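Everything below belongs to entry08.txt, which stores compact mmCIF, C-alpha atoms and all ligand atoms.
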# COMPACT_ATOMS: atom_id res chain seq x y z
CA MET A 1 70.38 20.01 -48.27
CA ASP A 2 71.22 23.60 -48.75
CA ILE A 3 74.95 23.40 -48.30
CA ILE A 4 75.79 23.90 -51.93
CA SER A 5 73.08 25.25 -54.17
CA TYR A 6 74.26 23.50 -57.32
CA HIS A 7 75.21 20.03 -58.39
CA ILE A 8 78.24 19.05 -60.43
CA SER A 9 78.36 15.68 -62.06
CA ASP A 10 81.48 13.64 -62.74
CA GLU A 11 80.89 14.39 -66.39
CA ASP A 12 80.97 18.14 -65.80
CA ILE A 13 84.24 17.72 -63.97
CA LYS A 14 85.70 15.70 -66.83
CA GLU A 15 84.71 18.39 -69.29
CA ILE A 16 86.17 21.10 -67.10
CA GLU A 17 89.40 19.15 -66.68
CA GLU A 18 89.62 18.73 -70.43
CA VAL A 19 89.46 22.50 -70.89
CA LEU A 20 92.09 22.97 -68.19
CA ARG A 21 94.28 20.34 -69.84
CA LYS A 22 94.28 22.28 -73.11
CA LEU A 23 95.01 25.44 -71.20
CA ILE A 24 98.02 24.18 -69.29
CA THR A 25 99.54 22.36 -72.23
CA SER A 26 99.14 25.32 -74.59
CA ILE A 27 101.16 27.60 -72.35
CA GLY A 28 103.45 26.86 -69.42
CA ILE A 29 101.20 27.11 -66.39
CA ASP A 30 102.17 25.71 -62.98
CA ILE A 31 98.66 25.17 -61.73
CA ALA A 32 95.14 25.97 -62.87
CA VAL A 33 92.07 25.73 -60.66
CA VAL A 34 88.37 26.22 -61.15
CA GLY A 35 86.45 27.20 -58.04
CA ASP A 36 83.33 28.99 -56.92
CA GLU A 37 82.77 32.27 -55.10
CA GLY A 38 82.77 30.43 -51.78
CA GLY A 39 86.28 29.04 -52.39
CA ARG A 40 85.10 25.50 -53.12
CA LEU A 41 87.43 23.68 -55.45
CA ILE A 42 85.76 22.16 -58.50
CA ALA A 43 88.65 21.04 -60.69
CA TYR A 44 92.38 21.54 -61.00
CA LEU A 45 95.40 20.47 -62.99
CA PRO A 46 97.99 19.09 -62.96
CA LEU A 47 96.99 16.14 -60.82
CA GLY A 48 99.63 14.36 -58.81
CA ASP A 49 101.25 13.99 -55.46
CA GLY A 50 100.45 16.81 -53.11
CA SER A 51 98.84 18.94 -55.80
CA HIS A 52 95.33 18.53 -54.39
CA HIS A 53 96.44 20.21 -51.21
CA ILE A 54 97.98 23.11 -53.11
CA ALA A 55 94.92 23.41 -55.35
CA GLU A 56 92.55 23.59 -52.35
CA ARG A 57 94.60 26.35 -50.84
CA PHE A 58 95.02 28.23 -54.11
CA CYS A 59 91.29 28.09 -54.65
CA VAL A 60 90.18 29.37 -51.26
CA VAL A 61 92.79 32.13 -51.21
CA SER A 62 91.76 33.24 -54.71
CA ALA A 63 88.09 33.37 -53.73
CA SER A 64 88.67 35.23 -50.51
CA VAL A 65 90.96 37.79 -52.12
CA LEU A 66 88.33 38.42 -54.78
CA GLY A 67 85.69 38.63 -52.06
CA ALA A 68 87.74 41.13 -50.12
CA LEU A 69 88.68 43.27 -53.13
CA ASP A 70 85.06 43.48 -54.10
CA GLN A 71 84.40 45.52 -51.01
CA ILE A 72 86.08 48.35 -52.89
CA ASP A 73 83.45 49.46 -55.31
CA ASN A 74 82.83 46.00 -56.79
CA LEU A 75 86.31 46.29 -58.16
CA VAL A 76 86.84 42.75 -59.30
CA GLN A 77 83.30 41.77 -60.22
CA SER A 78 82.99 44.71 -62.56
CA LYS A 79 86.30 43.98 -64.24
CA MET A 80 86.01 40.23 -64.01
CA ASN A 81 89.70 39.63 -63.65
CA PHE A 82 92.57 39.98 -61.24
CA PHE A 83 96.33 39.90 -61.69
CA THR A 84 99.24 39.95 -59.28
CA GLU A 85 102.91 39.14 -59.64
CA GLY A 86 105.73 38.18 -57.32
CA LEU A 87 109.44 37.80 -57.95
CA ALA A 88 109.31 34.46 -59.72
CA SER A 89 105.66 33.79 -60.48
CA ALA A 90 102.38 35.50 -61.15
CA ILE A 91 98.68 34.82 -60.72
CA TYR A 92 95.85 35.61 -63.08
CA ILE A 93 92.20 35.08 -62.19
CA LYS A 94 89.27 35.34 -64.52
CA ILE A 95 85.74 35.40 -63.08
CA SER A 96 82.66 34.13 -64.82
CA PRO A 97 79.37 36.03 -64.50
CA ARG A 98 78.08 32.76 -62.99
CA LYS A 99 80.45 33.36 -60.08
CA PHE A 100 82.90 30.61 -60.85
CA PHE A 101 86.48 31.50 -61.57
CA ILE A 102 89.64 30.17 -63.22
CA SER A 103 92.80 30.94 -61.30
CA VAL A 104 96.24 30.21 -62.76
CA LYS A 105 99.74 30.50 -61.40
CA PHE A 106 102.59 30.76 -63.92
CA SER A 107 106.25 31.57 -64.02
CA LYS A 108 107.20 35.08 -65.02
CA GLY A 109 108.88 33.71 -68.11
CA VAL A 110 105.43 33.32 -69.62
CA MET A 111 103.91 36.48 -71.05
CA LEU A 112 100.84 37.83 -69.35
CA GLY A 113 99.20 38.64 -72.68
CA THR A 114 99.43 35.00 -73.71
CA VAL A 115 98.06 33.82 -70.39
CA LYS A 116 95.12 36.20 -70.63
CA LEU A 117 94.36 35.12 -74.15
CA PHE A 118 94.29 31.42 -73.29
CA VAL A 119 92.48 31.80 -69.99
CA ASP A 120 89.80 33.90 -71.71
CA LYS A 121 89.47 31.22 -74.35
CA ALA A 122 89.13 28.55 -71.67
CA MET A 123 86.50 30.63 -69.92
CA LYS A 124 84.46 30.86 -73.12
CA GLU A 125 84.48 27.08 -73.32
CA LEU A 126 83.56 26.69 -69.67
CA GLU A 127 80.75 29.23 -69.65
CA PRO A 128 78.07 26.87 -71.04
CA ILE A 129 79.07 24.22 -68.49
CA PHE A 130 78.85 26.74 -65.66
CA GLN A 131 75.45 27.81 -66.89
CA GLN A 132 74.19 24.23 -66.90
CA ILE A 133 75.53 23.64 -63.41
CA ARG A 134 73.83 26.72 -61.98
CA GLU A 135 70.54 25.90 -63.63
CA ARG A 136 70.41 22.37 -62.31
CA SER A 137 68.65 22.07 -59.01
CA ASN A 138 70.39 21.05 -55.84
CA ASN A 139 68.13 18.30 -54.56
CA LYS A 140 70.40 15.55 -55.82
CA PHE A 141 72.00 15.15 -52.44
CA PRO A 142 70.56 12.32 -50.45
CA GLY A 143 69.93 13.46 -46.88
CA LEU A 144 73.05 13.49 -44.82
CA LYS A 145 72.75 12.84 -41.08
CA PHE A 146 75.19 13.71 -38.36
CA ASP A 147 75.49 10.13 -37.13
CA MET A 148 76.67 9.09 -40.59
CA LEU A 149 79.93 10.92 -39.99
CA GLU A 150 82.94 8.94 -38.86
CA ILE A 151 84.25 11.45 -36.39
CA MET B 1 81.32 17.32 -53.39
CA ARG B 2 79.64 18.23 -50.15
CA GLU B 3 81.09 20.95 -48.11
CA ILE B 4 80.19 22.74 -44.91
CA PHE B 5 81.52 26.17 -44.11
CA ILE B 6 81.52 27.19 -40.44
CA VAL B 7 82.61 30.60 -39.23
CA TYR B 8 84.00 31.36 -35.77
CA HIS B 9 83.17 34.93 -34.86
CA GLY B 10 83.65 37.09 -31.78
CA LEU B 11 85.72 39.96 -30.45
CA GLY B 12 89.44 40.14 -31.21
CA MET B 13 91.32 38.06 -28.62
CA ALA B 14 88.20 36.06 -27.68
CA GLY B 15 89.93 32.80 -28.60
CA LYS B 16 88.79 31.98 -32.14
CA THR B 17 92.22 31.10 -33.46
CA THR B 18 92.88 29.10 -30.29
CA ASN B 19 89.74 27.04 -31.02
CA LEU B 20 90.92 26.32 -34.55
CA GLU B 21 94.42 25.48 -33.36
CA PHE B 22 93.09 23.01 -30.83
CA LEU B 23 90.74 21.37 -33.35
CA SER B 24 93.58 21.15 -35.80
CA SER B 25 95.55 19.04 -33.33
CA VAL B 26 92.63 16.92 -32.06
CA PHE B 27 91.49 16.10 -35.58
CA GLN B 28 94.98 15.71 -36.97
CA ASN B 29 93.85 12.65 -38.95
CA LEU B 30 91.03 14.57 -40.68
CA LYS B 31 93.00 17.70 -41.41
CA ILE B 32 93.65 18.63 -45.04
CA ASP B 33 94.96 22.12 -44.59
CA ARG B 34 95.52 24.78 -42.00
CA PHE B 35 96.76 28.30 -42.50
CA HIS B 36 96.77 31.42 -40.42
CA GLN B 37 97.77 34.75 -41.81
CA SER B 38 98.89 36.72 -38.76
CA THR B 39 100.64 39.89 -37.67
CA VAL B 40 103.96 39.74 -35.84
CA GLU B 41 101.90 39.79 -32.63
CA GLY B 42 99.98 36.67 -33.69
CA ARG B 43 96.75 38.55 -34.44
CA THR B 44 94.70 37.17 -37.29
CA VAL B 45 94.88 39.38 -40.36
CA TYR B 46 92.35 38.05 -42.77
CA LEU B 47 92.62 34.35 -43.31
CA ASP B 48 92.54 31.79 -40.53
CA MET B 49 91.32 28.48 -41.87
CA LEU B 50 91.15 24.82 -41.01
CA LEU B 51 89.95 22.37 -43.63
CA MET B 52 89.00 18.80 -42.75
CA ALA B 53 87.48 15.86 -44.57
CA ILE B 54 85.23 13.46 -42.68
CA LYS B 55 84.31 10.01 -43.92
CA ILE B 56 80.62 9.35 -44.42
CA LYS B 57 79.59 5.86 -43.32
CA GLY B 58 78.60 3.56 -46.14
CA SER B 59 79.78 6.02 -48.76
CA GLU B 60 82.90 6.64 -50.78
CA GLU B 61 82.32 10.30 -50.38
CA LYS B 62 83.78 12.53 -47.72
CA LEU B 63 82.26 15.61 -46.19
CA LYS B 64 84.55 18.59 -46.33
CA VAL B 65 84.33 20.89 -43.35
CA ARG B 66 85.92 24.28 -43.64
CA LEU B 67 86.34 26.39 -40.52
CA PHE B 68 87.15 30.06 -40.75
CA SER B 69 87.72 32.58 -38.01
CA THR B 70 87.09 36.24 -38.57
CA PRO B 71 89.61 39.01 -38.04
CA GLY B 72 88.35 40.69 -34.87
CA GLN B 73 89.54 44.24 -35.36
CA GLU B 74 86.89 46.70 -36.43
CA ARG B 75 88.89 47.79 -39.49
CA PHE B 76 88.33 44.37 -41.00
CA SER B 77 84.56 44.53 -40.91
CA VAL B 78 84.43 45.27 -44.64
CA VAL B 79 86.03 42.01 -45.65
CA ARG B 80 83.94 39.95 -43.26
CA SER B 81 80.90 39.99 -45.50
CA TRP B 82 82.56 37.53 -47.86
CA ILE B 83 83.15 35.15 -44.98
CA PHE B 84 79.70 35.61 -43.43
CA SER B 85 77.69 35.26 -46.58
CA ASN B 86 79.42 32.01 -47.47
CA ALA B 87 78.86 30.43 -44.07
CA ASP B 88 76.46 27.58 -43.37
CA GLY B 89 76.65 28.12 -39.61
CA PHE B 90 78.41 30.10 -36.91
CA VAL B 91 80.16 29.70 -33.60
CA PHE B 92 80.07 32.89 -31.59
CA ILE B 93 82.85 33.12 -29.01
CA VAL B 94 82.06 35.27 -25.99
CA ASP B 95 85.00 36.85 -24.19
CA PRO B 96 83.86 37.24 -20.57
CA THR B 97 86.88 39.40 -19.79
CA GLN B 98 85.40 42.08 -22.08
CA HIS B 99 82.28 44.17 -21.46
CA ILE B 100 79.07 42.38 -22.34
CA ASP B 101 77.99 45.30 -24.57
CA GLU B 102 81.14 44.85 -26.64
CA ASN B 103 80.41 41.14 -26.99
CA LEU B 104 76.83 41.84 -27.98
CA ARG B 105 77.87 44.38 -30.57
CA SER B 106 80.04 41.73 -32.15
CA TYR B 107 77.22 39.18 -31.90
CA GLY B 108 74.92 41.69 -33.56
CA GLU B 109 77.12 41.64 -36.68
CA LEU B 110 75.88 38.12 -37.29
CA ARG B 111 72.20 38.97 -36.93
CA GLU B 112 71.28 39.24 -40.59
CA TYR B 113 72.99 35.92 -41.33
CA THR B 114 71.64 33.86 -38.44
CA THR B 115 67.93 34.10 -39.11
CA LYS B 116 68.17 31.00 -41.28
CA LYS B 117 71.50 29.57 -40.21
CA PRO B 118 72.41 28.00 -36.89
CA VAL B 119 74.71 29.59 -34.35
CA VAL B 120 76.27 27.97 -31.29
CA ILE B 121 77.58 30.15 -28.46
CA GLN B 122 80.83 29.44 -26.65
CA ILE B 123 81.64 31.34 -23.46
CA ASN B 124 85.41 31.09 -23.40
CA LYS B 125 88.12 31.79 -20.83
CA THR B 126 86.16 30.21 -17.98
CA ASP B 127 89.52 29.33 -16.44
CA ILE B 128 89.91 32.99 -15.49
CA VAL B 129 86.27 34.11 -15.20
CA GLY B 130 84.34 31.75 -12.97
CA GLU B 131 80.71 32.82 -12.88
CA VAL B 132 79.05 32.95 -16.30
CA ASP B 133 75.45 31.91 -15.58
CA SER B 134 74.11 35.40 -16.14
CA LEU B 135 75.92 35.52 -19.48
CA LYS B 136 74.36 32.24 -20.55
CA LYS B 137 70.85 33.61 -20.09
CA ILE B 138 71.45 36.44 -22.55
CA PHE B 139 71.57 34.00 -25.45
CA GLY B 140 68.13 32.54 -24.74
CA ASN B 141 67.37 29.40 -26.68
CA ARG B 142 70.72 29.14 -28.47
CA THR B 143 72.99 26.27 -27.53
CA VAL B 144 75.62 27.63 -25.13
CA PHE B 145 78.89 25.95 -24.12
CA THR B 146 81.36 27.09 -21.52
CA ALA B 147 84.97 26.60 -22.53
CA SER B 148 88.60 27.22 -21.91
CA ALA B 149 89.98 27.02 -25.41
CA LYS B 150 93.51 27.51 -24.19
CA ASN B 151 93.18 24.26 -22.24
CA GLY B 152 91.11 22.50 -24.88
CA VAL B 153 88.01 22.44 -22.69
CA GLY B 154 84.66 22.67 -24.51
CA VAL B 155 86.24 23.16 -27.93
CA ARG B 156 85.43 19.77 -29.38
CA GLU B 157 81.85 19.86 -28.03
CA THR B 158 81.24 23.29 -29.55
CA PHE B 159 82.48 22.15 -32.92
CA LEU B 160 80.55 18.87 -33.02
CA THR B 161 77.37 20.66 -32.01
CA ILE B 162 77.54 23.33 -34.70
CA LEU B 163 78.37 20.62 -37.23
CA LYS B 164 75.28 18.69 -36.14
CA GLU B 165 73.07 21.77 -36.19
CA VAL B 166 74.26 22.74 -39.67
CA ILE B 167 73.53 19.27 -41.00
CA GLU B 168 70.11 19.12 -39.34
CA ASN B 169 69.32 22.60 -40.55
CA GLY B 170 70.03 21.52 -44.11
CA VAL B 171 68.22 18.22 -44.26
CA GLY B 172 65.00 18.28 -46.20
CA LYS B 173 65.47 21.81 -47.49
N1 LIG C 201 93.02 32.41 -20.05
C1 LIG C 201 92.64 32.05 -21.26
N2 LIG C 201 93.20 32.63 -22.35
C2 LIG C 201 92.79 32.25 -23.58
C3 LIG C 201 91.79 31.27 -23.74
N3 LIG C 201 91.59 31.10 -25.08
C4 LIG C 201 92.45 31.93 -25.71
N4 LIG C 201 93.17 32.64 -24.80
C5 LIG C 201 94.25 33.61 -25.08
O1 LIG C 201 93.68 34.79 -25.63
C6 LIG C 201 94.56 35.37 -26.59
C7 LIG C 201 93.85 35.56 -27.92
O2 LIG C 201 93.48 34.31 -28.45
P1 LIG C 201 93.22 34.10 -30.03
O3 LIG C 201 92.76 32.71 -30.22
O4 LIG C 201 94.36 34.58 -30.83
O5 LIG C 201 92.01 35.13 -30.22
P2 LIG C 201 91.24 35.56 -31.56
O6 LIG C 201 91.60 36.98 -31.79
O7 LIG C 201 89.78 35.43 -31.22
O8 LIG C 201 91.66 34.65 -32.66
C8 LIG C 201 95.75 34.41 -26.70
O9 LIG C 201 96.79 34.92 -25.93
C9 LIG C 201 95.22 33.11 -26.13
O10 LIG C 201 96.24 32.33 -25.56
C10 LIG C 201 91.21 30.67 -22.57
O11 LIG C 201 90.34 29.80 -22.62
N5 LIG C 201 91.67 31.11 -21.38
MG MG C 202 92.56 35.10 -34.49
Since I need it in another form, could you write the structure as structure tokens?
Amino acid sequence: MDIISYHISDEDIKEIEEVLRKLITSIGIDIAVVGDEGGRLIAYLPLGDGSHHIAERFCVVSASVLGALDQIDNLVQSKMNFFTEGLASAIYIKISPRKFFISVKFSKGVMLGTVKLFVDKAMKELEPIFQQIRERSNNKFPGLKFDMLEI
Amino acid sequence: MREIFIVYHGLGMAGKTTNLEFLSSVFQNLKIDRFHQSTVEGRTVYLDMLLMAIKIKGSEEKLKVRLFSTPGQERFSVVRSWIFSNADGFVFIVDPTQHIDENLRSYGELREYTTKKPVVIQINKTDIVGEVDSLKKIFGNRTVFTASAKNGVGVRETFLTILKEVIENGVGK
């Protein structure tokens, strides 16, 4: 089914989580998510009560902001990153050429330069995984039928 | 991870947000998230989203269904392309209190996306506009529902039908 054109295995997710784990423990980051250009959440850390909800929201807002900003002269795609800061916290997003992204929220006590450095490093480690995921075909979904839904 | 992305489109004030609001309360038990970025007048700015997860029989997995409405005002047309190109299917809400040409212009914005993706039509506000048979004919072989989103009439049916059409459209491809 053509709902998502790629397939991610549990192993991919474990590997991605491992990279995120290193990232959030190296520097003080509140939340890190990996998502795709359509705002679909792939992995996030830290896990825990209520964090899935926040991660879902963080992911779709990140993707749609990037999608909107790109209407201005491919602004984000060409630069491959995005940064914004509020009073207490800031957000940095790094986009992969494979159209996945890492989005992190951190307190303003943490230096942006450090965040950039570590996020870029994480992206380098994730790139081969993203490449694999995109290259794998999508026909691993068994056919889903409407009457299989409990609604 | 299976996920379906459905976009509610139509003129500003047609009732897109009202559809999402109603679904959000009917499917309270499936809801994961709901947010609506709005102006002080309640108009949708950019993001109006309802995310649900539906259990799949005989499976541990859930199907995520993400509903988005589009900001109706013309000035937002530039940011709509992100929403449209990520959609798996569309609900087009007709506002019978507005001129048909205006409705069709808005419908036309979907054209390039709906050649391969399903669209279900909802003629809304039938509580104030009675006769809509002539409107129905305009949409030919598309599935058309009449509704009064404000009163929750036809909203559920519209949603379940687009969900079904998206799933059927995808199977075997
Ligand atoms: N009479 C009537 N009003 C409706 C109906 N559905 C929505 N409205 C009203 O139309 C206005 C715009 O609705 P909204 O959902 O915000 O439109 P959107 O711009 O398409 O998101 C609101 O005041 C709603 O209460 C309906 O079925 N009947
Ligand atoms: Mg709205």
Would you list the residues that come within 8 Å of ligand LIG 201 (chain C)? Count all atoms listed in the file and give the answer as a PyMOL selection string.
chain B and resi 9-20+42-44+69-72+93+124-128+147-153
Determine which residues of chain A sit within 6 Å of chain B, taking into account only C-alpha atoms, and present them as a PyMOL selection string.
chain A and resi 1-2+38+67-68+143+146+148-150
Could you please determine the separation between atom CA of Asp120 of chain A and atom CA of Gly39 of chain A in Å, to one decimal place?
20.2 Å
Do you know which residues are at most 10 Å from Ile29 of chain A counting all atoms listed in the file, after dropping those on the same chain fewer than 2 positions away, and could you put them as a VMD selection string?
chain A and resid 23 to 27 31 to 32 45 to 46 89 to 91 104 to 107 110 115
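Taking atom CA of Glu112 of chain B and atom CA of Gln131 of chain A as the two end points, the separation is 29.0 Å.
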Separation of atom CA of Ile123 of chain B from atom CA of Leu23 of chain B, in Å and rounded to one decimal
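So the two atoms, atom CA of Ile123 of chain B and atom CA of Leu23 of chain B, lie 16.7 Å apart.
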Find the spatial neighbours of Leu41 of chain A, counting all atoms listed in the file, within a cut-off of 7 Å - ignore same-chain residues fewer than 3 positions away - and output them as a PyMOL selection string.
chain A and resi 34-36+56+59
Writing out the chosen residues with C-alpha atoms as a tab-separated table (two decimals), in the coordinates of the input:
chain	number	residue	atom	x	y	z
A	34	VAL	CA	88.37	26.22	-61.15
A	35	GLY	CA	86.45	27.20	-58.04
A	36	ASP	CA	83.33	28.99	-56.92
A	56	GLU	CA	92.55	23.59	-52.35
A	59	CYS	CA	91.29	28.09	-54.65
Proximity to Arg57 of chain A - best of A:Ser103, A:Ser96, A:Ser9, A:Asn81, all atoms listed in the file
A:Ser103
So, with only C-alpha atoms as the atoms that count, which of B:Lys31, B:Arg105, B:His36, B:Lys116 lies closest to Ile151 of chain A?
B:Lys31
Contacts of Val91 of chain B within 9 Å, all atoms listed in the file, excl. fewer than 4 positions in-chain, as a PyMOL selection string
chain B and resi 6-10+118-122+158-159+162
Hey, could you patch up segment 85-99 of chain A with N, CA and C atoms and hand it over as a PDB file, in the coordinates of the input?
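See part-v4.pdb below for the written result:
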ATOM      1  N   GLU A  85     101.673  39.848 -59.359  1.00  0.00           N
ATOM      2  CA  GLU A  85     102.910  39.140 -59.640  1.00  0.00           C
ATOM      3  C   GLU A  85     103.929  39.261 -58.512  1.00  0.00           C
ATOM      4  N   GLY A  86     104.651  38.184 -58.308  1.00  0.00           N
ATOM      5  CA  GLY A  86     105.730  38.180 -57.320  1.00  0.00           C
ATOM      6  C   GLY A  86     107.066  38.181 -58.028  1.00  0.00           C
ATOM      7  N   LEU A  87     108.107  37.779 -57.346  1.00  0.00           N
ATOM      8  CA  LEU A  87     109.440  37.800 -57.950  1.00  0.00           C
ATOM      9  C   LEU A  87     109.576  36.756 -59.060  1.00  0.00           C
ATOM     10  N   ALA A  88     109.094  35.550 -58.767  1.00  0.00           N
ATOM     11  CA  ALA A  88     109.310  34.460 -59.720  1.00  0.00           C
ATOM     12  C   ALA A  88     108.048  34.057 -60.460  1.00  0.00           C
ATOM     13  N   SER A  89     106.875  34.251 -59.822  1.00  0.00           N
ATOM     14  CA  SER A  89     105.660  33.790 -60.480  1.00  0.00           C
ATOM     15  C   SER A  89     104.544  34.810 -60.362  1.00  0.00           C
ATOM     16  N   ALA A  90     103.503  34.566 -61.105  1.00  0.00           N
ATOM     17  CA  ALA A  90     102.380  35.500 -61.150  1.00  0.00           C
ATOM     18  C   ALA A  90     101.067  34.730 -61.141  1.00  0.00           C
ATOM     19  N   ILE A  91      99.995  35.440 -60.794  1.00  0.00           N
ATOM     20  CA  ILE A  91      98.680  34.820 -60.720  1.00  0.00           C
ATOM     21  C   ILE A  91      97.682  35.646 -61.528  1.00  0.00           C
ATOM     22  N   TYR A  92      96.910  34.946 -62.332  1.00  0.00           N
ATOM     23  CA  TYR A  92      95.850  35.610 -63.080  1.00  0.00           C
ATOM     24  C   TYR A  92      94.538  34.892 -62.803  1.00  0.00           C
ATOM     25  N   ILE A  93      93.510  35.674 -62.484  1.00  0.00           N
ATOM     26  CA  ILE A  93      92.200  35.080 -62.190  1.00  0.00           C
ATOM     27  C   ILE A  93      91.150  35.707 -63.094  1.00  0.00           C
ATOM     28  N   LYS A  94      90.346  34.851 -63.663  1.00  0.00           N
ATOM     29  CA  LYS A  94      89.270  35.340 -64.520  1.00  0.00           C
ATOM     30  C   LYS A  94      87.949  34.856 -63.911  1.00  0.00           C
ATOM     31  N   ILE A  95      86.995  35.771 -63.736  1.00  0.00           N
ATOM     32  CA  ILE A  95      85.740  35.400 -63.080  1.00  0.00           C
ATOM     33  C   ILE A  95      84.625  35.311 -64.112  1.00  0.00           C
ATOM     34  N   SER A  96      83.813  34.292 -63.945  1.00  0.00           N
ATOM     35  CA  SER A  96      82.660  34.130 -64.820  1.00  0.00           C
ATOM     36  C   SER A  96      81.465  34.866 -64.205  1.00  0.00           C
ATOM     37  N   PRO A  97      80.572  35.383 -65.053  1.00  0.00           N
ATOM     38  CA  PRO A  97      79.370  36.030 -64.500  1.00  0.00           C
ATOM     39  C   PRO A  97      78.558  35.050 -63.639  1.00  0.00           C
ATOM     40  N   ARG A  98      78.785  33.767 -63.815  1.00  0.00           N
ATOM     41  CA  ARG A  98      78.080  32.760 -62.990  1.00  0.00           C
ATOM     42  C   ARG A  98      78.772  32.554 -61.661  1.00  0.00           C
ATOM     43  N   LYS A  99      79.757  33.410 -61.360  1.00  0.00           N
ATOM     44  CA  LYS A  99      80.450  33.360 -60.080  1.00  0.00           C
ATOM     45  C   LYS A  99      81.332  32.136 -59.870  1.00  0.00           C
TER      46      LYS A  99
END
